[in-house]
file input-v3.cif (mmCIF, C-alpha atoms)
data_my_file
#
loop_
_atom_site.group_PDB
_atom_site.id
_atom_site.type_symbol
_atom_site.label_atom_id
_atom_site.label_comp_id
_atom_site.auth_asym_id
_atom_site.auth_seq_id
_atom_site.Cartn_x
_atom_site.Cartn_y
_atom_site.Cartn_z
ATOM 1 C CA MET A 1 67.586 198.174 20.730
ATOM 2 C CA ARG A 2 66.810 194.805 22.315
ATOM 3 C CA ALA A 3 69.560 192.483 23.435
ATOM 4 C CA MET A 4 70.408 189.641 21.076
ATOM 5 C CA ARG A 5 69.770 187.173 23.899
ATOM 6 C CA GLU A 6 66.170 188.410 24.137
ATOM 7 C CA ILE A 7 65.694 188.277 20.354
ATOM 8 C CA ALA A 8 67.210 184.789 20.167
ATOM 9 C CA ALA A 9 65.038 183.532 23.032
ATOM 10 C CA GLU A 10 61.924 184.935 21.372
ATOM 11 C CA TRP A 11 62.955 183.397 18.042
ATOM 12 C CA ALA A 12 63.461 179.993 19.707
ATOM 13 C CA ALA A 13 60.041 180.216 21.352
ATOM 14 C CA GLU A 14 58.379 181.129 18.047
ATOM 15 C CA LYS A 15 60.227 178.300 16.291
ATOM 16 C CA GLU A 16 58.745 175.873 18.844
ATOM 17 C CA VAL A 17 55.251 177.329 18.265
ATOM 18 C CA GLU A 18 55.829 176.821 14.531
ATOM 19 C CA ARG A 19 56.965 173.203 15.074
ATOM 20 C CA GLN A 20 53.869 172.455 17.146
ATOM 21 C CA ALA A 21 51.601 174.132 14.571
ATOM 22 C CA ILE A 22 53.117 172.009 11.787
ATOM 23 C CA GLU A 23 52.707 168.868 13.899
ATOM 24 C CA ASN A 24 49.056 169.741 14.613
ATOM 25 C CA ARG A 25 48.353 170.583 10.945
ATOM 26 C CA ARG A 26 49.854 167.293 9.791
ATOM 27 C CA ARG A 27 47.820 165.389 12.384
ATOM 28 C CA LEU A 28 44.656 167.013 10.986
ATOM 29 C CA GLU A 29 45.744 166.241 7.409
ATOM 30 C CA ASP A 30 46.319 162.596 8.362
ATOM 31 C CA GLU A 31 42.870 162.521 9.961
ATOM 32 C CA MET A 32 41.313 163.883 6.741
ATOM 33 C CA VAL A 33 43.164 161.252 4.670
ATOM 34 C CA ARG A 34 41.746 158.533 6.938
ATOM 35 C CA SER A 35 38.266 160.097 6.970
ATOM 36 C CA PHE A 36 38.147 160.206 3.157
ATOM 37 C CA ALA A 37 39.632 156.659 3.018
ATOM 38 C CA LEU A 38 42.335 157.792 0.579
ATOM 39 C CA GLN A 39 44.927 155.277 -0.559
ATOM 40 C CA PRO A 40 48.493 155.985 0.643
ATOM 41 C CA ASP A 41 49.712 155.689 -2.967
ATOM 42 C CA LEU A 42 47.389 158.459 -4.232
ATOM 43 C CA ASP A 43 49.026 159.968 -7.335
ATOM 44 C CA SER A 44 46.369 162.485 -8.309
ATOM 45 C CA THR A 45 44.149 165.205 -6.885
ATOM 46 C CA VAL A 46 40.926 164.547 -5.000
ATOM 47 C CA THR A 47 38.497 167.386 -4.300
ATOM 48 C CA LYS A 48 35.809 167.084 -1.627
ATOM 49 C CA ASP A 49 32.981 169.546 -0.962
ATOM 50 C CA VAL A 50 32.210 169.164 2.746
ATOM 51 C CA ASP A 51 30.137 171.384 5.039
ATOM 52 C CA GLY A 52 30.915 174.604 3.201
ATOM 53 C CA TYR A 53 34.589 173.805 2.582
ATOM 54 C CA VAL A 54 36.282 172.727 -0.609
ATOM 55 C CA ILE A 55 39.107 170.383 0.391
ATOM 56 C CA LYS A 56 41.643 169.575 -2.310
ATOM 57 C CA ILE A 57 44.172 166.843 -1.548
ATOM 58 C CA THR A 58 47.013 166.221 -3.977
ATOM 59 C CA GLY A 59 48.902 162.972 -3.505
ATOM 60 C CA ARG A 60 52.335 162.400 -4.982
ATOM 61 C CA ILE A 61 54.540 159.400 -5.466
ATOM 62 C CA ASP A 62 58.244 160.109 -5.068
ATOM 63 C CA ARG A 63 60.085 158.178 -7.779
ATOM 64 C CA LYS A 64 63.824 157.557 -7.873
ATOM 65 C CA VAL A 65 65.865 156.110 -10.724
ATOM 66 C CA ASP A 66 68.800 153.762 -10.289
ATOM 67 C CA ALA A 67 70.954 155.266 -13.081
ATOM 68 C CA ASP A 68 73.249 152.266 -13.502
ATOM 69 C CA LYS A 69 70.410 149.767 -13.505
ATOM 70 C CA ILE A 70 68.180 151.621 -15.987
ATOM 71 C CA GLN A 71 71.105 152.083 -18.386
ATOM 72 C CA GLU A 72 71.991 148.401 -18.038
ATOM 73 C CA LEU A 73 68.372 147.348 -18.668
ATOM 74 C CA ALA A 74 68.040 149.713 -21.630
ATOM 75 C CA ALA A 75 71.238 148.331 -23.191
ATOM 76 C CA GLN A 76 70.120 144.775 -22.530
ATOM 77 C CA HIS A 77 66.800 145.386 -24.327
ATOM 78 C CA GLY A 78 68.030 147.764 -27.042
ATOM 79 C CA LEU A 79 66.156 150.729 -25.546
ATOM 80 C CA GLU A 80 69.030 153.202 -25.066
ATOM 81 C CA SER A 81 67.430 155.713 -27.455
ATOM 82 C CA HIS A 82 64.417 156.033 -25.120
ATOM 83 C CA LEU A 83 66.405 157.043 -22.040
ATOM 84 C CA SER A 84 66.945 160.659 -23.101
ATOM 85 C CA THR A 85 63.155 161.240 -23.240
ATOM 86 C CA LEU A 86 62.080 158.953 -20.394
ATOM 87 C CA CYS A 87 64.662 160.315 -17.966
ATOM 88 C CA ARG A 88 66.331 163.598 -17.180
ATOM 89 C CA TRP A 89 69.969 162.839 -16.695
ATOM 90 C CA LYS A 90 70.519 163.317 -13.191
ATOM 91 C CA PRO A 91 68.746 160.760 -13.961
ATOM 92 C CA GLU A 92 65.269 161.751 -13.021
ATOM 93 C CA LEU A 93 62.074 160.204 -14.321
ATOM 94 C CA ASN A 94 60.116 162.275 -16.855
ATOM 95 C CA LEU A 95 56.797 160.981 -15.559
ATOM 96 C CA THR A 96 54.667 162.572 -18.297
ATOM 97 C CA VAL A 97 56.652 160.807 -21.012
ATOM 98 C CA TRP A 98 56.961 157.611 -18.937
ATOM 99 C CA LYS A 99 53.153 157.372 -18.546
ATOM 100 C CA ALA A 100 52.628 158.035 -22.269
ATOM 101 C CA THR A 101 55.227 155.473 -23.401
ATOM 102 C CA ASP A 102 54.265 152.022 -24.642
ATOM 103 C CA PRO A 103 54.060 149.702 -21.591
ATOM 104 C CA THR A 104 56.173 147.079 -23.382
ATOM 105 C CA ILE A 105 59.064 149.535 -23.022
ATOM 106 C CA THR A 106 58.395 150.853 -19.496
ATOM 107 C CA LYS A 107 57.755 147.336 -18.153
ATOM 108 C CA LEU A 108 61.300 146.316 -19.061
ATOM 109 C CA LEU A 109 62.811 149.415 -17.433
ATOM 110 C CA ALA A 110 60.539 149.471 -14.345
ATOM 111 C CA PRO A 111 62.892 147.383 -12.145
ATOM 112 C CA ALA A 112 65.250 150.397 -12.096
ATOM 113 C CA ILE A 113 62.560 152.688 -10.632
ATOM 114 C CA THR A 114 61.850 153.003 -6.920
ATOM 115 C CA ALA A 115 58.505 154.581 -5.973
ATOM 116 C CA LYS A 116 57.155 155.471 -2.550
ATOM 117 C CA PRO A 117 54.233 157.655 -1.468
ATOM 118 C CA GLY A 118 55.037 161.271 -0.620
ATOM 119 C CA ARG A 119 53.167 163.445 1.833
ATOM 120 C CA PRO A 120 49.947 164.834 0.293
ATOM 121 C CA SER A 121 49.546 168.595 0.058
ATOM 122 C CA PHE A 122 46.346 170.357 1.104
ATOM 123 C CA SER A 123 44.428 173.432 0.052
ATOM 124 C CA ILE A 124 41.341 174.396 2.074
ATOM 125 C CA ALA A 125 39.196 177.407 1.271
ATOM 126 C CA HIS A 126 36.000 178.586 2.911
ATOM 127 C CA LYS A 127 33.158 178.391 0.398
ATOM 128 C CA GLU A 128 31.176 181.623 0.087
#

call {"tool": "encode", "arguments": {"input": "input-v3.cif", "output": "structure tokens"}}
result
Amino acid sequence: MRAMREIAAEWAAEKEVERQAIENRRRLEDEMVRSFALQPDLDSTVTKDVDGYVIKITGRIDRKVDADKIQELAAQHGLESHLSTLCRWKPELNLTVWKATDPTITKLLAPAITAKPGRPSFSIAHKE
């Protein structure tokens, strides 16, 4: 049986290889985002067929809800009954319902929502 020191040293070396691989992969992903001229606030999936590869890039917007503020705004505008469907009470935005809701409602509650672009995810498959 190998000594724990040897196993730990090997693990640490592999962890560094993993860190570098992730850094290199993300650099390549960023290069693809620039090459395809994708907007940083992409909130959908874009599929590109390039040189025998199908490249699918899914952008996400991370949304956060200020619980106190959205409840205050809802009360102020008589919209309390909408909160249980628009938000999950952590609170967390139910984006499907939010997007389908009348904009006259969501516009009044929007100041309680913070949105920022998340890191896009990638799926690349060799086309046969």

call {"tool": "atom_distance", "arguments": {"input": "input-v3.cif", "atom1": "CA of Asn24 in chain A", "atom2": "CA of Asp43 in chain A"}}
result
24.0 Å

call {"tool": "residues_around", "arguments": {"input": "input-v3.cif", "residues": "range 65-67 of chain A", "least_positions_apart": "4", "cutoff": "12 Å", "atoms": "all atoms listed in the file", "output": "PDB file with C-alpha atoms, in the frame of the given file"}}
result
ATOM      1  CA  GLN A  71      71.105 152.083 -18.386  1.00  0.00           C
ATOM      2  CA  GLU A  72      71.991 148.401 -18.038  1.00  0.00           C
ATOM      3  CA  LEU A  73      68.372 147.348 -18.668  1.00  0.00           C
ATOM      4  CA  ALA A  74      68.040 149.713 -21.630  1.00  0.00           C
ATOM      5  CA  LEU A  83      66.405 157.043 -22.040  1.00  0.00           C
ATOM      6  CA  LEU A  86      62.080 158.953 -20.394  1.00  0.00           C
ATOM      7  CA  CYS A  87      64.662 160.315 -17.966  1.00  0.00           C
ATOM      8  CA  ARG A  88      66.331 163.598 -17.180  1.00  0.00           C
ATOM      9  CA  TRP A  89      69.969 162.839 -16.695  1.00  0.00           C
ATOM     10  CA  LYS A  90      70.519 163.317 -13.191  1.00  0.00           C
ATOM     11  CA  PRO A  91      68.746 160.760 -13.961  1.00  0.00           C
ATOM     12  CA  GLU A  92      65.269 161.751 -13.021  1.00  0.00           C
ATOM     13  CA  LEU A  93      62.074 160.204 -14.321  1.00  0.00           C
ATOM     14  CA  ASN A  94      60.116 162.275 -16.855  1.00  0.00           C
ATOM     15  CA  LEU A  95      56.797 160.981 -15.559  1.00  0.00           C
ATOM     16  CA  LEU A 109      62.811 149.415 -17.433  1.00  0.00           C
ATOM     17  CA  ALA A 110      60.539 149.471 -14.345  1.00  0.00           C
ATOM     18  CA  PRO A 111      62.892 147.383 -12.145  1.00  0.00           C
ATOM     19  CA  ALA A 112      65.250 150.397 -12.096  1.00  0.00           C
ATOM     20  CA  ILE A 113      62.560 152.688 -10.632  1.00  0.00           C
ATOM     21  CA  THR A 114      61.850 153.003  -6.920  1.00  0.00           C
ATOM     22  CA  ALA A 115      58.505 154.581  -5.973  1.00  0.00           C
ATOM     23  CA  LYS A 116      57.155 155.471  -2.550  1.00  0.00           C
TER      24      LYS A 116
END

call {"tool": "resolve_selection", "arguments": {"input": "input-v3.cif", "expression": "the PyMOL selection byres ((chain A and resi 52) around 9)", "output": "mmCIF file with C-alpha atoms, in the frame of the given file"}}
result
data_model
loop_
_atom_site.group_PDB
_atom_site.id
_atom_site.type_symbol
_atom_site.label_atom_id
_atom_site.label_comp_id
_atom_site.auth_asym_id
_atom_site.auth_seq_id
_atom_site.Cartn_x
_atom_site.Cartn_y
_atom_site.Cartn_z
ATOM 1 C CA ASP A 49 32.981 169.546 -0.962
ATOM 2 C CA VAL A 50 32.210 169.164 2.746
ATOM 3 C CA ASP A 51 30.137 171.384 5.039
ATOM 4 C CA TYR A 53 34.589 173.805 2.582
ATOM 5 C CA VAL A 54 36.282 172.727 -0.609
ATOM 6 C CA ALA A 125 39.196 177.407 1.271
ATOM 7 C CA HIS A 126 36.000 178.586 2.911
ATOM 8 C CA LYS A 127 33.158 178.391 0.398
ATOM 9 C CA GLU A 128 31.176 181.623 0.087
#

call {"tool": "atom_distance", "arguments": {"input": "input-v3.cif", "atom1": "CA of Met1 in chain A", "atom2": "CA of Ala13 in chain A"}}
result
19.5 Å

call {"tool": "closest_residue", "arguments": {"input": "input-v3.cif", "among": "A:Ile61, A:Met32, A:Ala37, A:Leu108", "to": "Ala75 in chain A", "atoms": "all atoms listed in the file"}}
result
A:Leu108

call {"tool": "atom_distance", "arguments": {"input": "input-v3.cif", "atom1": "CA of Ser84 in chain A", "atom2": "CA of Ile70 in chain A"}}
result
11.6 Å

call {"tool": "closest_residue", "arguments": {"input": "input-v3.cif", "among": "A:Ile55, A:Ala9, A:Leu79, A:Ala21", "to": "Val33 in chain A", "atoms": "all atoms listed in the file"}}
result
A:Ile55

call {"tool": "closest_residue", "arguments": {"input": "input-v3.cif", "among": "A:Arg63, A:Ser44, A:Ile124, A:Arg19", "to": "Trp98 in chain A", "atoms": "all atoms listed in the file"}}
result
A:Arg63

call {"tool": "residues_near_point", "arguments": {"input": "input-v3.cif", "point": "(48.9, 169.8, -3.2)", "cutoff": "12 Å", "atoms": "all atoms listed in the file", "output": "PyMOL selection string"}}
result
chain A and resi 29+42-47+55-60+118-124

call {"tool": "build_atoms", "arguments": {"input": "input-v3.cif", "residues": "range 82-93 of chain A", "atoms": "all heavy atoms", "output": "PDB file, keeping the file's coordinate frame"}}
result
ATOM      1  N   HIS A  82      65.576 155.530 -25.870  1.00  0.00           N
ATOM      2  CA  HIS A  82      64.417 156.033 -25.120  1.00  0.00           C
ATOM      3  C   HIS A  82      64.807 156.746 -23.829  1.00  0.00           C
ATOM      4  O   HIS A  82      64.020 157.510 -23.281  1.00  0.00           O
ATOM      5  CB  HIS A  82      63.462 154.878 -24.787  1.00  0.00           C
ATOM      6  CG  HIS A  82      62.796 154.295 -25.982  1.00  0.00           C
ATOM      7  ND1 HIS A  82      61.728 154.881 -26.611  1.00  0.00           N
ATOM      8  CD2 HIS A  82      63.084 153.171 -26.689  1.00  0.00           C
ATOM      9  CE1 HIS A  82      61.354 154.152 -27.639  1.00  0.00           C
ATOM     10  NE2 HIS A  82      62.174 153.099 -27.710  1.00  0.00           N
ATOM     11  N   LEU A  83      66.015 156.498 -23.340  1.00  0.00           N
ATOM     12  CA  LEU A  83      66.405 157.043 -22.040  1.00  0.00           C
ATOM     13  C   LEU A  83      66.439 158.566 -22.012  1.00  0.00           C
ATOM     14  O   LEU A  83      66.087 159.173 -20.999  1.00  0.00           O
ATOM     15  CB  LEU A  83      67.749 156.470 -21.591  1.00  0.00           C
ATOM     16  CG  LEU A  83      67.745 154.980 -21.251  1.00  0.00           C
ATOM     17  CD1 LEU A  83      69.131 154.561 -20.771  1.00  0.00           C
ATOM     18  CD2 LEU A  83      66.688 154.651 -20.217  1.00  0.00           C
ATOM     19  N   SER A  84      66.839 159.195 -23.113  1.00  0.00           N
ATOM     20  CA  SER A  84      66.945 160.659 -23.101  1.00  0.00           C
ATOM     21  C   SER A  84      65.580 161.337 -22.992  1.00  0.00           C
ATOM     22  O   SER A  84      65.496 162.477 -22.534  1.00  0.00           O
ATOM     23  CB  SER A  84      67.678 161.155 -24.347  1.00  0.00           C
ATOM     24  OG  SER A  84      66.925 160.848 -25.504  1.00  0.00           O
ATOM     25  N   THR A  85      64.489 160.649 -23.396  1.00  0.00           N
ATOM     26  CA  THR A  85      63.155 161.240 -23.240  1.00  0.00           C
ATOM     27  C   THR A  85      62.448 160.736 -21.989  1.00  0.00           C
ATOM     28  O   THR A  85      61.685 161.480 -21.377  1.00  0.00           O
ATOM     29  CB  THR A  85      62.271 160.960 -24.483  1.00  0.00           C
ATOM     30  OG1 THR A  85      62.231 159.555 -24.713  1.00  0.00           O
ATOM     31  CG2 THR A  85      62.793 161.696 -25.694  1.00  0.00           C
ATOM     32  N   LEU A  86      62.720 159.498 -21.592  1.00  0.00           N
ATOM     33  CA  LEU A  86      62.080 158.953 -20.394  1.00  0.00           C
ATOM     34  C   LEU A  86      62.681 159.523 -19.110  1.00  0.00           C
ATOM     35  O   LEU A  86      61.992 159.642 -18.100  1.00  0.00           O
ATOM     36  CB  LEU A  86      62.219 157.419 -20.351  1.00  0.00           C
ATOM     37  CG  LEU A  86      61.399 156.636 -21.359  1.00  0.00           C
ATOM     38  CD1 LEU A  86      61.778 155.167 -21.307  1.00  0.00           C
ATOM     39  CD2 LEU A  86      59.914 156.813 -21.087  1.00  0.00           C
ATOM     40  N   CYS A  87      63.959 159.843 -19.163  1.00  0.00           N
ATOM     41  CA  CYS A  87      64.662 160.315 -17.966  1.00  0.00           C
ATOM     42  C   CYS A  87      65.353 161.640 -18.236  1.00  0.00           C
ATOM     43  O   CYS A  87      65.757 161.930 -19.348  1.00  0.00           O
ATOM     44  CB  CYS A  87      65.725 159.290 -17.538  1.00  0.00           C
ATOM     45  SG  CYS A  87      65.077 157.682 -17.105  1.00  0.00           S
ATOM     46  N   ARG A  88      65.474 162.417 -17.165  1.00  0.00           N
ATOM     47  CA  ARG A  88      66.331 163.598 -17.180  1.00  0.00           C
ATOM     48  C   ARG A  88      67.629 163.117 -16.575  1.00  0.00           C
ATOM     49  O   ARG A  88      67.614 162.413 -15.567  1.00  0.00           O
ATOM     50  CB  ARG A  88      65.722 164.705 -16.333  1.00  0.00           C
ATOM     51  CG  ARG A  88      64.423 165.186 -16.920  1.00  0.00           C
ATOM     52  CD  ARG A  88      63.864 166.335 -16.066  1.00  0.00           C
ATOM     53  NE  ARG A  88      62.514 166.597 -16.477  1.00  0.00           N
ATOM     54  CZ  ARG A  88      61.432 166.190 -15.827  1.00  0.00           C
ATOM     55  NH1 ARG A  88      61.542 165.539 -14.693  1.00  0.00           N
ATOM     56  NH2 ARG A  88      60.236 166.446 -16.280  1.00  0.00           N
ATOM     57  N   TRP A  89      68.740 163.468 -17.155  1.00  0.00           N
ATOM     58  CA  TRP A  89      69.969 162.839 -16.695  1.00  0.00           C
ATOM     59  C   TRP A  89      70.627 163.529 -15.539  1.00  0.00           C
ATOM     60  O   TRP A  89      71.628 164.193 -15.625  1.00  0.00           O
ATOM     61  CB  TRP A  89      70.934 162.528 -17.841  1.00  0.00           C
ATOM     62  CG  TRP A  89      70.369 161.339 -18.462  1.00  0.00           C
ATOM     63  CD1 TRP A  89      69.589 161.308 -19.574  1.00  0.00           C
ATOM     64  CD2 TRP A  89      70.366 160.020 -17.943  1.00  0.00           C
ATOM     65  NE1 TRP A  89      69.116 160.040 -19.783  1.00  0.00           N
ATOM     66  CE2 TRP A  89      69.577 159.219 -18.793  1.00  0.00           C
ATOM     67  CE3 TRP A  89      70.920 159.423 -16.838  1.00  0.00           C
ATOM     68  CZ2 TRP A  89      69.370 157.875 -18.594  1.00  0.00           C
ATOM     69  CZ3 TRP A  89      70.712 158.081 -16.636  1.00  0.00           C
ATOM     70  CH2 TRP A  89      69.946 157.313 -17.503  1.00  0.00           C
ATOM     71  N   LYS A  90      69.978 163.258 -14.537  1.00  0.00           N
ATOM     72  CA  LYS A  90      70.519 163.317 -13.191  1.00  0.00           C
ATOM     73  C   LYS A  90      70.606 161.866 -12.726  1.00  0.00           C
ATOM     74  O   LYS A  90      71.355 161.618 -11.822  1.00  0.00           O
ATOM     75  CB  LYS A  90      69.576 164.193 -12.343  1.00  0.00           C
ATOM     76  CG  LYS A  90      69.929 164.302 -10.928  1.00  0.00           C
ATOM     77  CD  LYS A  90      69.062 165.357 -10.277  1.00  0.00           C
ATOM     78  CE  LYS A  90      68.582 164.965  -8.950  1.00  0.00           C
ATOM     79  NZ  LYS A  90      67.573 165.803  -8.417  1.00  0.00           N
ATOM     80  N   PRO A  91      69.982 160.863 -13.196  1.00  0.00           N
ATOM     81  CA  PRO A  91      68.746 160.760 -13.961  1.00  0.00           C
ATOM     82  C   PRO A  91      67.531 160.975 -13.067  1.00  0.00           C
ATOM     83  O   PRO A  91      67.570 160.723 -11.866  1.00  0.00           O
ATOM     84  CB  PRO A  91      68.760 159.336 -14.504  1.00  0.00           C
ATOM     85  CG  PRO A  91      69.495 158.568 -13.476  1.00  0.00           C
ATOM     86  CD  PRO A  91      70.527 159.533 -12.896  1.00  0.00           C
ATOM     87  N   GLU A  92      66.511 161.440 -13.700  1.00  0.00           N
ATOM     88  CA  GLU A  92      65.269 161.751 -13.021  1.00  0.00           C
ATOM     89  C   GLU A  92      64.158 161.354 -13.973  1.00  0.00           C
ATOM     90  O   GLU A  92      64.239 161.632 -15.163  1.00  0.00           O
ATOM     91  CB  GLU A  92      65.282 163.259 -12.768  1.00  0.00           C
ATOM     92  CG  GLU A  92      64.137 163.819 -12.022  1.00  0.00           C
ATOM     93  CD  GLU A  92      64.366 165.316 -11.814  1.00  0.00           C
ATOM     94  OE1 GLU A  92      65.199 165.683 -10.975  1.00  0.00           O
ATOM     95  OE2 GLU A  92      63.718 166.100 -12.530  1.00  0.00           O
ATOM     96  N   LEU A  93      63.148 160.697 -13.474  1.00  0.00           N
ATOM     97  CA  LEU A  93      62.074 160.204 -14.321  1.00  0.00           C
ATOM     98  C   LEU A  93      61.240 161.339 -14.889  1.00  0.00           C
ATOM     99  O   LEU A  93      60.822 162.231 -14.160  1.00  0.00           O
ATOM    100  CB  LEU A  93      61.175 159.260 -13.502  1.00  0.00           C
ATOM    101  CG  LEU A  93      60.243 158.346 -14.248  1.00  0.00           C
ATOM    102  CD1 LEU A  93      61.025 157.396 -15.148  1.00  0.00           C
ATOM    103  CD2 LEU A  93      59.402 157.539 -13.272  1.00  0.00           C
TER     104      LEU A  93
END
